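Shown next: target_38.tsv, given as TSV, C-alpha atoms.
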chain	number	residue	atom	x	y	z
A	1	MET	CA	125.71	-29.81	-157.96
A	2	THR	CA	123.96	-28.47	-154.86
A	3	ILE	CA	121.07	-30.51	-153.51
A	4	HIS	CA	117.83	-28.55	-153.77
A	5	THR	CA	115.57	-31.58	-153.49
A	6	ASP	CA	113.82	-32.43	-150.21
A	7	ILE	CA	115.38	-35.87	-149.80
A	8	LEU	CA	112.97	-36.96	-147.05
A	9	GLU	CA	109.97	-36.01	-149.19
A	10	MET	CA	111.54	-38.01	-152.02
A	11	ALA	CA	111.84	-41.09	-149.77
A	12	ARG	CA	108.24	-40.67	-148.60
A	13	GLN	CA	107.01	-40.41	-152.18
A	14	GLN	CA	108.72	-43.71	-152.94
A	15	LEU	CA	107.08	-45.29	-149.88
A	16	SER	CA	103.66	-44.02	-151.02
A	17	VAL	CA	104.08	-45.71	-154.41
A	18	ALA	CA	104.87	-49.07	-152.74
A	19	ALA	CA	102.01	-48.57	-150.25
A	20	GLN	CA	99.51	-48.34	-153.12
A	21	TYR	CA	100.64	-51.70	-154.54
A	22	LEU	CA	100.43	-53.28	-151.07
A	23	ASP	CA	97.12	-51.64	-150.11
A	24	LEU	CA	98.90	-50.61	-146.90
A	25	ASP	CA	96.79	-49.63	-143.90
A	26	GLU	CA	96.91	-45.85	-143.37
A	27	GLY	CA	98.11	-46.12	-139.77
A	28	LEU	CA	100.86	-48.55	-140.75
A	29	HIS	CA	101.83	-46.21	-143.59
A	30	GLN	CA	102.25	-43.41	-141.03
A	31	VAL	CA	104.43	-45.64	-138.86
A	32	LEU	CA	106.75	-46.46	-141.79
A	33	ALA	CA	106.88	-42.84	-143.02
A	34	SER	CA	108.35	-41.58	-139.73
A	35	PRO	CA	111.58	-42.42	-137.92
A	36	GLN	CA	111.22	-44.12	-134.53
A	37	LYS	CA	113.90	-42.02	-132.87
A	38	THR	CA	115.73	-38.84	-133.84
A	39	LEU	CA	118.57	-37.42	-131.77
A	40	ILE	CA	119.98	-33.96	-132.57
A	41	VAL	CA	123.14	-32.98	-130.70
A	42	HIS	CA	125.20	-29.80	-130.49
A	43	PHE	CA	128.65	-30.37	-129.09
A	44	PRO	CA	131.85	-28.33	-128.63
A	45	VAL	CA	135.29	-29.28	-129.90
A	46	VAL	CA	138.51	-27.50	-128.90
A	47	LEU	CA	140.42	-26.85	-132.14
A	48	ASP	CA	144.21	-26.98	-132.42
A	49	ASP	CA	144.50	-23.19	-132.10
A	50	GLY	CA	142.53	-23.21	-128.83
A	51	ARG	CA	139.24	-21.93	-130.29
A	52	VAL	CA	136.03	-23.76	-129.37
A	53	GLN	CA	133.68	-24.63	-132.23
A	54	VAL	CA	130.18	-26.07	-131.82
A	55	PHE	CA	129.10	-28.77	-134.30
A	56	GLU	CA	125.64	-30.15	-135.06
A	57	GLY	CA	125.12	-33.90	-135.39
A	58	TYR	CA	122.28	-36.38	-135.75
A	59	ARG	CA	121.48	-40.05	-135.25
A	60	VAL	CA	118.20	-41.34	-136.65
A	61	GLN	CA	116.73	-44.81	-136.14
A	62	HIS	CA	113.98	-45.42	-138.68
A	63	ASN	CA	112.62	-48.88	-137.85
A	64	SER	CA	113.79	-51.77	-135.66
A	65	SER	CA	110.97	-54.26	-136.24
A	66	ARG	CA	113.30	-56.68	-138.10
A	67	GLY	CA	116.32	-56.32	-135.82
A	68	PRO	CA	118.90	-53.82	-134.54
A	69	THR	CA	119.20	-50.66	-136.62
A	70	LYS	CA	122.19	-50.30	-138.92
A	71	GLY	CA	123.49	-47.35	-140.86
A	72	GLY	CA	126.49	-45.26	-141.77
A	73	ILE	CA	127.82	-42.03	-140.31
A	74	ARG	CA	128.30	-39.19	-142.79
A	75	TYR	CA	130.52	-36.12	-142.26
A	76	HIS	CA	129.50	-33.47	-144.79
A	77	PRO	CA	128.86	-29.69	-144.64
A	78	ASP	CA	125.42	-30.00	-146.30
A	79	VAL	CA	123.83	-32.73	-144.16
A	80	ASP	CA	120.65	-32.04	-142.21
A	81	VAL	CA	118.14	-34.01	-140.16
A	82	ASN	CA	115.79	-34.55	-143.13
A	83	GLU	CA	118.47	-36.06	-145.34
A	84	THR	CA	119.65	-38.22	-142.43
A	85	SER	CA	116.08	-39.45	-141.86
A	86	ALA	CA	115.65	-40.29	-145.56
A	87	LEU	CA	118.92	-42.25	-145.58
A	88	ALA	CA	117.76	-44.17	-142.49
A	89	MET	CA	114.48	-45.04	-144.24
A	90	TRP	CA	116.28	-46.27	-147.37
A	91	MET	CA	118.52	-48.40	-145.17
A	92	THR	CA	115.44	-50.09	-143.68
A	93	TRP	CA	114.20	-51.13	-147.13
A	94	LYS	CA	117.74	-52.07	-148.24
A	95	CYS	CA	118.20	-54.52	-145.36
A	96	ALA	CA	114.76	-56.03	-145.99
A	97	VAL	CA	115.39	-56.50	-149.74
A	98	ALA	CA	118.74	-58.19	-149.01
A	99	ASN	CA	116.95	-60.23	-146.31
A	100	ILE	CA	119.40	-59.40	-143.54
A	101	PRO	CA	117.98	-58.94	-140.01
A	102	PHE	CA	118.54	-55.22	-139.49
A	103	GLY	CA	116.44	-52.09	-139.52
A	104	GLY	CA	117.66	-48.77	-140.89
A	105	ALA	CA	119.53	-45.95	-139.17
A	106	LYS	CA	121.82	-43.09	-140.16
A	107	GLY	CA	124.12	-40.64	-138.45
A	108	SER	CA	125.72	-37.43	-139.61
A	109	VAL	CA	127.70	-34.39	-138.54
A	110	LYS	CA	127.56	-31.07	-140.37
A	111	VAL	CA	131.28	-30.54	-140.98
A	112	ASP	CA	133.81	-30.09	-143.77
A	113	THR	CA	136.50	-32.57	-142.78
A	114	LYS	CA	139.02	-30.93	-145.16
A	115	LEU	CA	139.18	-28.02	-142.69
A	116	LEU	CA	140.12	-30.26	-139.74
A	117	SER	CA	143.47	-31.69	-138.69
A	118	ARG	CA	143.64	-35.40	-137.89
A	119	ARG	CA	143.62	-34.62	-134.16
A	120	GLU	CA	140.58	-32.33	-134.55
A	121	LEU	CA	138.79	-35.05	-136.53
A	122	GLU	CA	139.50	-37.57	-133.78
A	123	LYS	CA	138.25	-35.19	-131.06
A	124	LEU	CA	135.09	-34.42	-133.05
A	125	THR	CA	134.45	-38.14	-133.60
A	126	ARG	CA	134.97	-39.12	-129.97
A	127	ARG	CA	132.73	-36.32	-128.72
A	128	TYR	CA	130.01	-37.10	-131.29
A	129	ALA	CA	130.17	-40.81	-130.35
A	130	THR	CA	129.78	-39.87	-126.70
A	131	GLU	CA	126.75	-37.66	-127.47
A	132	ILE	CA	124.93	-40.38	-129.45
A	133	ASN	CA	126.07	-43.27	-127.23
A	134	ILE	CA	122.58	-43.48	-125.69
A	135	MET	CA	121.40	-44.81	-129.08
A	136	LEU	CA	124.27	-47.17	-129.86
A	137	GLY	CA	124.70	-50.83	-128.96
A	138	GLU	CA	125.81	-54.16	-130.43
A	139	ARG	CA	122.18	-55.31	-130.21
A	140	SER	CA	120.48	-51.97	-130.75
A	141	ASP	CA	122.20	-49.65	-133.27
A	142	ILE	CA	125.42	-50.28	-135.17
A	143	PRO	CA	127.08	-47.47	-137.22
A	144	ALA	CA	129.36	-47.89	-140.24
A	145	PRO	CA	131.39	-45.58	-142.52
A	146	ASP	CA	129.76	-43.31	-145.11
A	147	ILE	CA	130.79	-40.15	-146.97
A	148	GLY	CA	133.54	-38.33	-145.03
A	149	THR	CA	134.24	-41.22	-142.64
A	150	ASN	CA	136.38	-44.36	-142.88
A	151	ALA	CA	137.81	-47.31	-140.97
A	152	GLN	CA	139.87	-45.01	-138.71
A	153	VAL	CA	136.79	-43.02	-137.69
A	154	MET	CA	135.03	-46.32	-136.87
A	155	ALA	CA	138.05	-47.36	-134.77
A	156	TRP	CA	137.78	-44.15	-132.72
A	157	ILE	CA	134.05	-44.71	-132.18
A	158	MET	CA	134.62	-48.31	-131.12
A	159	ASP	CA	137.40	-47.28	-128.74
A	160	THR	CA	135.31	-44.43	-127.26
A	161	VAL	CA	132.33	-46.68	-126.51
A	162	SER	CA	134.65	-49.43	-125.24
A	163	MET	CA	136.37	-47.04	-122.81
A	164	GLN	CA	132.98	-45.93	-121.50
A	165	GLN	CA	131.74	-49.51	-121.05
A	166	GLY	CA	134.96	-50.77	-119.50
A	167	HIS	CA	135.54	-53.57	-122.02
A	168	THR	CA	136.16	-53.88	-125.76
A	169	VAL	CA	132.95	-53.84	-127.80
A	170	PRO	CA	134.00	-54.73	-131.36
A	171	GLY	CA	130.43	-55.24	-132.65
A	172	ILE	CA	129.41	-51.64	-131.86
A	173	VAL	CA	130.50	-50.49	-135.36
A	174	THR	CA	131.32	-52.14	-138.67
A	175	GLY	CA	133.78	-51.06	-141.34
A	176	LYS	CA	136.59	-51.17	-138.75
A	177	PRO	CA	140.26	-51.91	-139.50
A	178	ILE	CA	140.93	-55.65	-139.86
A	179	GLU	CA	143.17	-55.69	-136.78
A	180	LEU	CA	140.29	-54.39	-134.61
A	181	GLY	CA	137.71	-56.94	-135.70
A	182	GLY	CA	136.93	-55.64	-139.17
A	183	SER	CA	135.93	-58.03	-141.92
A	184	GLU	CA	137.97	-58.99	-144.95
A	185	GLY	CA	136.30	-57.55	-148.04
A	186	ARG	CA	134.39	-54.80	-146.22
A	187	VAL	CA	136.19	-51.82	-147.80
A	188	GLU	CA	135.38	-53.02	-151.34
A	189	ALA	CA	131.96	-54.46	-150.46
A	190	THR	CA	129.67	-51.67	-151.71
A	191	GLY	CA	131.58	-51.24	-154.97
A	192	ARG	CA	131.74	-55.02	-155.47
A	193	GLY	CA	127.99	-55.23	-154.94
A	194	VAL	CA	127.40	-52.42	-157.45
A	195	VAL	CA	129.45	-54.27	-160.08
A	196	THR	CA	127.59	-57.54	-159.35
A	197	ALA	CA	124.28	-55.69	-159.81
A	198	MET	CA	125.63	-54.17	-163.03
A	199	GLU	CA	126.57	-57.63	-164.35
A	200	GLU	CA	123.10	-59.04	-163.55
A	201	ALA	CA	121.36	-56.03	-165.11
A	202	ALA	CA	123.52	-56.17	-168.24
A	203	LYS	CA	122.38	-59.77	-168.79
A	204	PHE	CA	118.76	-58.70	-168.26
A	205	VAL	CA	118.87	-55.83	-170.78
A	206	ASN	CA	121.27	-57.55	-173.23
A	207	ILE	CA	124.30	-55.28	-172.87
A	208	ASN	CA	127.59	-56.97	-173.73
A	209	LEU	CA	129.98	-55.79	-171.00
A	210	GLY	CA	132.99	-56.62	-173.18
A	211	SER	CA	132.04	-53.84	-175.60
A	212	ALA	CA	130.25	-51.48	-173.18
A	213	ASP	CA	131.30	-47.96	-172.21
A	214	LEU	CA	130.95	-47.09	-168.51
A	215	VAL	CA	130.83	-43.69	-166.78
A	216	VAL	CA	131.20	-43.43	-162.99
A	217	GLN	CA	130.28	-40.29	-161.07
A	218	GLY	CA	132.18	-40.17	-157.78
A	219	PHE	CA	135.67	-41.53	-157.11
A	220	GLY	CA	135.34	-42.14	-153.39
A	221	ASN	CA	135.25	-45.62	-151.89
A	222	VAL	CA	132.18	-46.84	-153.82
A	223	GLY	CA	132.87	-45.23	-157.20
A	224	ALA	CA	136.59	-46.00	-157.26
A	225	THR	CA	136.07	-49.63	-156.23
A	226	ALA	CA	133.30	-50.10	-158.80
A	227	ALA	CA	135.44	-48.50	-161.53
A	228	LYS	CA	138.46	-50.68	-160.63
A	229	LEU	CA	136.47	-53.94	-160.52
A	230	ALA	CA	134.62	-53.10	-163.74
A	231	ASP	CA	137.92	-52.23	-165.44
A	232	GLU	CA	139.45	-55.53	-164.26
A	233	ALA	CA	136.39	-57.37	-165.64
A	234	GLY	CA	137.05	-55.89	-169.09
A	235	VAL	CA	134.51	-53.04	-169.09
A	236	LYS	CA	135.86	-49.86	-170.70
A	237	VAL	CA	135.58	-46.95	-168.23
A	238	VAL	CA	135.43	-43.78	-170.33
A	239	GLY	CA	134.49	-41.15	-167.71
A	240	ILE	CA	134.94	-40.63	-163.98
A	241	SER	CA	134.70	-37.69	-161.60
A	242	ASP	CA	135.50	-36.66	-158.06
A	243	ALA	CA	134.38	-33.64	-156.04
A	244	LEU	CA	136.56	-31.30	-158.15
A	245	GLY	CA	135.23	-32.41	-161.55
A	246	GLY	CA	135.54	-35.17	-164.11
A	247	ILE	CA	137.59	-36.49	-167.03
A	248	TYR	CA	136.50	-38.23	-170.22
A	249	ASN	CA	138.31	-40.28	-172.83
A	250	PRO	CA	136.21	-42.37	-175.25
A	251	LYS	CA	139.19	-44.72	-175.71
A	252	GLY	CA	139.12	-45.59	-171.98
A	253	LEU	CA	140.87	-44.42	-168.81
A	254	PRO	CA	143.69	-46.11	-166.80
A	255	ILE	CA	141.64	-46.64	-163.64
A	256	ARG	CA	144.32	-48.26	-161.49
A	257	GLU	CA	146.83	-45.49	-162.31
A	258	LEU	CA	144.22	-42.81	-161.58
A	259	PHE	CA	143.39	-44.43	-158.26
A	260	GLU	CA	147.00	-44.87	-157.16
A	261	ARG	CA	148.48	-41.58	-158.43
A	262	TYR	CA	145.68	-39.00	-158.43
A	263	SER	CA	142.82	-40.05	-156.12
A	264	GLY	CA	142.64	-38.00	-152.93
A	265	LYS	CA	145.52	-35.71	-153.99
A	266	ASP	CA	145.27	-31.93	-154.41
A	267	GLY	CA	143.76	-31.31	-157.82
A	268	GLY	CA	142.29	-34.83	-157.89
A	269	ILE	CA	141.88	-36.89	-161.02
A	270	ARG	CA	141.78	-33.76	-163.18
A	271	GLU	CA	145.57	-33.65	-162.86
A	272	TYR	CA	145.59	-36.55	-165.33
A	273	LYS	CA	146.08	-34.80	-168.69
A	274	ASP	CA	145.39	-37.48	-171.31
A	275	ALA	CA	141.63	-36.87	-171.13
A	276	GLU	CA	139.06	-34.14	-171.65
A	277	ALA	CA	138.06	-32.19	-168.53
A	278	VAL	CA	134.30	-32.18	-167.85
A	279	SER	CA	132.13	-30.92	-165.00
A	280	ASN	CA	130.19	-33.33	-162.77
A	281	GLU	CA	127.01	-32.20	-164.55
A	282	GLN	CA	128.50	-32.85	-168.02
A	283	LEU	CA	129.84	-36.23	-166.91
A	284	LEU	CA	126.31	-37.54	-166.31
A	285	GLU	CA	125.33	-36.62	-169.88
A	286	LEU	CA	128.30	-38.29	-171.62
A	287	PRO	CA	127.65	-40.90	-174.31
A	288	CYS	CA	127.86	-44.32	-172.61
A	289	ASP	CA	126.05	-47.63	-172.21
A	290	ILE	CA	126.18	-47.75	-168.41
A	291	LEU	CA	126.19	-44.96	-165.81
A	292	ILE	CA	127.02	-45.47	-162.15
A	293	PRO	CA	126.13	-42.37	-160.09
A	294	ALA	CA	128.16	-42.92	-156.91
A	295	ALA	CA	128.35	-39.40	-155.44
A	296	ILE	CA	125.44	-37.81	-153.52
A	297	ALA	CA	121.65	-37.65	-153.75
A	298	ALA	CA	119.48	-35.97	-156.42
A	299	GLN	CA	122.24	-35.70	-159.05
A	300	ILE	CA	119.90	-36.92	-161.79
A	301	ASN	CA	116.79	-34.77	-161.66
A	302	ASP	CA	114.12	-33.01	-163.68
A	303	ASP	CA	116.71	-30.68	-165.25
A	304	ASN	CA	119.05	-33.27	-166.75
A	305	ALA	CA	117.20	-36.63	-166.93
A	306	SER	CA	116.19	-36.07	-170.57
A	307	LYS	CA	119.88	-35.55	-171.49
A	308	ILE	CA	121.09	-38.86	-170.01
A	309	LYS	CA	122.41	-41.12	-172.80
A	310	ALA	CA	123.07	-44.30	-170.79
A	311	LYS	CA	120.87	-47.35	-171.39
A	312	LEU	CA	121.52	-48.70	-167.89
A	313	ILE	CA	121.90	-46.80	-164.60
A	314	VAL	CA	123.21	-48.62	-161.53
A	315	GLU	CA	122.82	-46.47	-158.40
A	316	GLY	CA	126.00	-46.57	-156.33
A	317	ALA	CA	124.91	-43.52	-154.30
A	318	ASN	CA	121.81	-43.25	-152.12
A	319	GLY	CA	118.95	-41.48	-153.91
A	320	PRO	CA	120.86	-40.20	-156.96
A	321	CYS	CA	117.67	-40.14	-159.11
A	322	THR	CA	114.70	-38.01	-158.08
A	323	PRO	CA	111.13	-39.34	-158.66
A	324	GLU	CA	110.75	-36.86	-161.57
A	325	ALA	CA	113.96	-38.20	-163.13
A	326	ASP	CA	112.72	-41.77	-162.65
A	327	ARG	CA	109.59	-41.04	-164.67
A	328	THR	CA	111.55	-39.39	-167.50
A	329	LEU	CA	114.15	-42.17	-167.63
A	330	ASN	CA	111.55	-44.95	-167.49
A	331	ASP	CA	109.67	-43.28	-170.37
A	332	LYS	CA	112.95	-43.25	-172.34
A	333	GLY	CA	113.44	-46.96	-171.71
A	334	VAL	CA	116.46	-46.54	-169.42
A	335	PHE	CA	116.80	-49.48	-167.01
A	336	ILE	CA	117.59	-48.37	-163.44
A	337	VAL	CA	118.95	-50.68	-160.74
A	338	PRO	CA	117.84	-48.77	-157.62
A	339	ASP	CA	120.10	-47.92	-154.69
A	340	ILE	CA	118.32	-50.26	-152.26
A	341	VAL	CA	119.41	-53.16	-154.51
A	342	ALA	CA	122.59	-51.91	-156.19
A	343	ASN	CA	124.53	-50.51	-153.23
A	344	SER	CA	123.43	-52.98	-150.55
A	345	GLY	CA	126.81	-54.76	-150.65
A	346	GLY	CA	128.13	-52.51	-147.89
A	347	VAL	CA	125.42	-53.38	-145.38
A	348	VAL	CA	125.55	-57.06	-146.37
A	349	VAL	CA	129.26	-57.29	-145.50
A	350	SER	CA	128.67	-55.07	-142.46
A	351	TYR	CA	126.22	-57.76	-141.35
A	352	PHE	CA	128.93	-60.39	-141.94
A	353	GLU	CA	131.38	-58.30	-139.87
A	354	TRP	CA	128.86	-57.94	-137.03
A	355	VAL	CA	128.24	-61.72	-137.01
A	356	GLN	CA	131.99	-62.40	-136.98
A	357	ASP	CA	132.51	-59.93	-134.10
A	358	LEU	CA	129.74	-61.47	-131.98
A	359	GLN	CA	131.21	-64.95	-132.53
A	360	ASN	CA	134.89	-63.93	-132.43
A	361	PHE	CA	135.28	-66.17	-135.47
A	362	PHE	CA	136.51	-64.63	-138.72
A	363	TRP	CA	136.15	-65.65	-142.38
A	364	GLU	CA	138.60	-65.52	-145.27
A	365	GLU	CA	138.11	-62.84	-147.94
A	366	ASN	CA	137.00	-65.22	-150.70
A	367	GLU	CA	134.29	-66.59	-148.38
A	368	VAL	CA	133.06	-63.05	-147.66
A	369	ASN	CA	133.07	-62.10	-151.35
A	370	ASN	CA	131.34	-65.29	-152.48
A	371	LYS	CA	128.59	-64.93	-149.86
A	372	LEU	CA	128.14	-61.27	-150.86
A	373	ILE	CA	127.85	-62.06	-154.57
A	374	ARG	CA	125.35	-64.84	-153.86
A	375	ILE	CA	123.13	-62.52	-151.80
A	376	MET	CA	123.35	-59.73	-154.42
A	377	ARG	CA	122.34	-62.14	-157.20
A	378	ASN	CA	119.48	-63.57	-155.14
A	379	SER	CA	118.22	-60.06	-154.35
A	380	PHE	CA	118.36	-59.07	-158.01
A	381	SER	CA	116.50	-62.21	-159.07
A	382	THR	CA	113.79	-61.76	-156.42
A	383	VAL	CA	113.22	-58.13	-157.38
A	384	GLN	CA	113.15	-59.12	-161.05
A	385	GLN	CA	110.34	-61.61	-160.33
A	386	VAL	CA	108.26	-59.01	-158.46
A	387	MET	CA	108.92	-56.53	-161.27
A	388	ALA	CA	107.49	-59.02	-163.79
A	389	ALA	CA	104.53	-59.94	-161.56
A	390	HIS	CA	103.50	-56.30	-161.02
A	391	LYS	CA	104.62	-55.08	-164.48
A	392	THR	CA	106.52	-52.21	-162.87
A	393	ASP	CA	110.02	-50.72	-162.75
A	394	MET	CA	112.77	-52.17	-160.59
A	395	ARG	CA	112.70	-49.45	-157.93
A	396	THR	CA	109.01	-49.93	-157.29
A	397	ALA	CA	109.45	-53.72	-157.21
A	398	ALA	CA	112.30	-53.44	-154.67
A	399	LEU	CA	110.26	-51.07	-152.51
A	400	ILE	CA	107.28	-53.45	-152.64
A	401	ILE	CA	109.52	-56.22	-151.26
A	402	GLY	CA	111.21	-54.06	-148.62
A	403	VAL	CA	108.09	-52.26	-147.38
A	404	LYS	CA	106.08	-55.50	-147.30
A	405	LYS	CA	108.67	-57.29	-145.15
A	406	VAL	CA	108.96	-54.40	-142.69
A	407	ALA	CA	105.17	-53.92	-142.56
A	408	GLU	CA	104.61	-57.62	-141.89
A	409	ALA	CA	107.24	-57.63	-139.12
A	410	THR	CA	105.63	-54.57	-137.54
A	411	VAL	CA	102.16	-56.15	-137.63
A	412	ARG	CA	103.40	-59.50	-136.31
A	413	ARG	CA	105.14	-57.81	-133.38
A	414	GLY	CA	102.11	-55.64	-132.67
A	415	ILE	CA	102.07	-52.17	-131.19
A	416	PHE	CA	103.20	-51.93	-127.56
A	417	PRO	CA	101.50	-51.76	-125.07

Would you give me this structure, written as structure tokens?
Amino acid sequence: MTIHTDILEMARQQLSVAAQYLDLDEGLHQVLASPQKTLIVHFPVVLDDGRVQVFEGYRVQHNSSRGPTKGGIRYHPDVDVNETSALAMWMTWKCAVANIPFGGAKGSVKVDTKLLSRRELEKLTRRYATEINIMLGERSDIPAPDIGTNAQVMAWIMDTVSMQQGHTVPGIVTGKPIELGGSEGRVEATGRGVVTAMEEAAKFVNINLGSADLVVQGFGNVGATAAKLADEAGVKVVGISDALGGIYNPKGLPIRELFERYSGKDGGIREYKDAEAVSNEQLLELPCDILIPAAIAAQINDDNASKIKAKLIVEGANGPCTPEADRTLNDKGVFIVPDIVANSGGVVVSYFEWVQDLQNFFWEENEVNNKLIRIMRNSFSTVQQVMAAHKTDMRTAALIIGVKKVAEATVRRGIFP
């Protein structure tokens, strides 16, 4: 589904709702509605056949009042500066809700990585890292993987910055390979956090996970990990999709087999034949108890919100539900765990990785996972309390917490000079 929604306007609408509850000063509202720094770069890459192609990239820092900015780097043909700015803003609130000392940032390059060789991808990454290096720093702005990037891309960025500084700088990025200072548990962190949020929400809305049907949109890192962990926990996964489309079987799907044999291959999960083929749009409307949208933004919108059959939505992606969809779903009694709560596991373990890199002291995987689960549960509980106090939905409650913390930090620091 192509994004037609103005994602930045969507993020600003959400901020405005929280601002009303907080009686936020108009000037402070303006500060929080705008990114602090936006860098747009155009850079050439020599392709394998000798042609030169110019790519457009961005790095946006939204707010650093609570600490260094933190945020993923996305490689996708449809990214633009507005979407990147919205994602940076959401990251600011996400860090505040999880109570980790970062502000929000985001980076992106407008590129279809499927059209690049590995060498071309490395050259693009190293040149992009060089172009945005004026923003990056262990104490200023720390990237991580997102859609279209992975641990290898982070390794190239870390190496590029390290070569330029003359010494190894492991804390410049998170989501790195373990052997280069990455953290145990980081690859699964976002998906693990989504499943933890799902478990907490299921208790809250009285869904028995042992008899629940789950649909997951997106079979990348977040969606696949969430589907695997949910499947291992005894939840029946009846529908999943990747970029090429989805599959549905009301009796359940063999998630581990799909991940190992079909994920990332030509034809994708649709090559699995013991299931009904469905489109990504149809997948969202399948009969199920729980829906995890873990693809891209604005997938649940004014057009399809009324057709959603799930009782519980746990947002694995950033911004999968538009404000119009939120209103429709809330009216229907659907409980939504918002992205800034549900998918914060990635930035939480990125924070752990950053701390480990700065100390050169590394933790075992069970320690990482246990700390992550504890933070996710605490965040859920805190948002739940604010939700009850303000008699509002969970997204608004989470935004009230996040915006309030960032606003208070901004006021306490004052405006320089």

>> List as a count of residues only the protein and nucleic acid residues near region 139-154 of chain A, meaning an atom at most 7 Å away when all atoms listed in the file are counted, but skip any in the same chain fewer than 6 places from it.
In response: 17

Which residues of region 264-346 of chain A sit at most 8 Å from region 357-378 of chain A, using all atoms listed in the file? Give each one's shortest atom pair and distance in Å (one decimal place), in chain and ascending residue order, as CSV.
residue,atom,partner,partner_atom,distance
A:Val341,CA,A:Met376,CA,7.7
A:Ser344,CA,A:Met376,CA,7.8
A:Gly345,CA,A:Leu372,CA,6.6

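In this model, the gap between CA of Leu39 (chain A) and CA of Trp156 (chain A) comes to 20.4 Å.
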
> By how many Å are CA of Pro320 (chain A) and CA of Ile296 (chain A) apart?
Replying inline: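 Between CA of Pro320 (chain A) and CA of Ile296 (chain A) the gap works out to 6.2 Å.
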
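The environment of Thr190 (chain A) within 6 Å, counting only C-alpha atoms and disregarding residues fewer than 6 places along the same chain, consists of Val222, Asn343, Gly345 and Gly346 of chain A.
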
> From the set A:Thr328, A:Gln30, A:Ser108, A:Thr322, which residue has the shortest atom-to-atom contact distance to Ile308 (chain A), counting only C-alpha atoms?
Replying inline: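 Comparing A:Thr328, A:Gln30, A:Ser108, A:Thr322 against Ile308 (chain A), the winner is A:Thr328.
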
>> Report, in Å with one decimal, the straight-line distance from CA of Gly319 (chain A) to CA of Val334 (chain A).
In response: 16.5 Å
